[in-house]
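Down below is the structure, laid out as C-alpha cells.
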Amino acid sequence: MKSSKKDIVKSNPSMGVDITKAPEPKLGNKPILGDRYTSKEFMKLEWERLWTKVWQVAGLEQQLEKPGDFFTFDFGPENILCVKGEDSNIRCFYNVCQHRGNQLVQIQEGNLESFSCAYHAWKFGLDGKLNWVPDEEDFVQGSPCGKRNLIEIKSEVWQGFIWFNLDPQCDSLKNYLEPVMTHLENYPISEMKRTHWVTVEEGNWNWKCVQDNFNESYHTPYVHPALKYIADEKYYACQFDLYESMHCRMLMPGFIPSKSVYDEEDKVLESLGPHMEYWDMKPEDYKGKLLEIRGDIQKQKRNLAKNKGYDFAKFNDGQLTDHYHYTIFPNISFSVKPDGMQWLRGTPHPTDPTKCFFDYWYLTWFPENIKEYYSPMLGKMTDISVKAKNVRGKVGEIDVGSGIEEDVAIWQSQQKGLSSRGYIGDCMPAQENRIRFFHENIDRYLFGDSGGDA
C-alpha cells in the first residue's frame, strides 16, 4: 500500500485551507539555459524589471517592539531602513541621506530617537522627516528641513511580516499574495516566535538555484534521505498547484513513510518518535502498523489539543500532519503547520549573478504557558525565552540548519555546472513543472508576452 493524492483530500475537506487542485497552466518547452544564472546582462534586467516591482519581506514585526527600534536590510544594490515611529507605525525608507547620498544608518539594528548622518549631521525623525541641518541659513534655495525627507517605500505588515515594494504604483499586497493570503489566514503566524535565524552571506550560487530547488521534490530522496522516513515524498503522493498569481503550492503527506522504507520499521519509528511522544503516543505500539500513524496522530492532536494549549478547530486533518509547502514568486518559500513555519529565501547579490544571500528562519508557535516545544522540522527542542540571534557567515563558517545544509551543498555544485559550456539546458519530468512555471513568470516580468530564452 502507498499513499496517494486521495489521502490529501479525503480528510474533512470542508474544514481549513481550500485544497482544491488548481487548473494546470499551459507551459512552454523552451530550454532553461545556464546564462540565466551567470549573465550580468540578465541580472541587470532582473533588477530593473522584476526586483523593483515585486513584494518582498524586510523582516519581522517582532524585531520592532518599541518606538525607535530599527533594522536595516540589504536588498540587491539597495539598503532598506525599517523603523517603528513614535506613532507605533512601521515604515520603510531607502537608507540614504538626502544631502549628498551618504548611507544614513550603518548598523544592522538598534534603537534611536532620530537618525543623524555621520557625514554632515543632517538629522531625520523616526517618520523620515528632515528636522535639522547645520548652517540652515546658508541654503540660498531655502531651508531643506521638512522638504528633503527620507524617501519612503511602500510597505505593509501582514501576519507579522514586514513587506515592502520599491514600485510606488504597485498593486496591494493582498492582491499580490492571493490565494496564499487566504490560505494562511487561520494560522497563528503573527504569534509565532523566530527560533532559528541564519543568513548565508555571498553564497556561491545564483538566487534562482534556491527557488528552483524549493519548486520541486524530485531531489528529496537523494539529497534529503532522512525525509522518506517521515513523509511520502514521491510525486504520486503529492498535489502540485500552480496559481495564476505566479505562486505555487505542494501538499505532501507527512507522518507516513515512503513505500521504499516500509521494511525499515525501527528507523521510521525512531524518526517519528519524538513528535509522537510529545502527543502521548508510544512508537512501539505501531510496530507492524506504520501506515496508521498519520491518522492516529491527527486524532490524538484533536483529542489533546485543549489540554496542551492548542486550538485546531479551523484546520483540516491534513494540516495537522502534512507538509503545506508554498513558493511565493519570485524568491520566498515556506512550509507551514499550525505550530510552526520553515521560511526560506534567496536574494540577489548586488553585483555578481553567481552569488546571492540566503536566509533560513524557523518560526515556532508556543501554546500559552509552554516555554519549550519539540520542533520536528528543526529536530530539536525550542525555547521561547531564547531570542534567536542572526547568525551570519559564509558557507562552511556557520551551521545553516538541519536538512538545509544538504541543499546548500547542491546549489554550489549546480552553479558550477550551470556555468559550463557543456550544459545545453534542462530535461525535466512533469513533477518539476513548477520550475518551468517559475522561469516563464520571470520572463513575463522581463520581456512581457514576447517571452525570452525560457
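Each chain in the C-alpha cells gets a letter, A, B, ..., in the order shown, and its residues are numbered from 1; ligands are numbered from 1 in order too.
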DSSP alpha helix (DSSP H) selection over range 302-385 of chain A, as an MDAnalysis selection string: chainID A and resid 302:308
Let's see if you can do this: from backbone DSSP, list all strand (DSSP E) residues in range 130-187 of chain A, as a PyMOL selection string. chain A and resi 130-132+152-158+161-165
Find, counting only C-alpha atoms, the residue in A:His224, A:Arg148, A:Lys21, A:Lys193 that gets nearest to His99 in chain A. A:Arg148
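Among the candidates A:Glu244, A:Glu156, A:Glu137, A:Asp449, the residue lying nearest to Gln56 in chain A is A:Glu156 (atoms considered: only C-alpha atoms).
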Tell me which protein, DNA and RNA residues are within 8 Å of range 267-269 of chain A, counting only C-alpha atoms, leaving out same-chain ones fewer than 3 positions away, and put them as a list in words.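 Returned residues: Tyr229, Ile230, Pro257, Val261, Glu264, Leu272, Gly273, Pro283, Glu284, Tyr286 and Leu290 of chain A.
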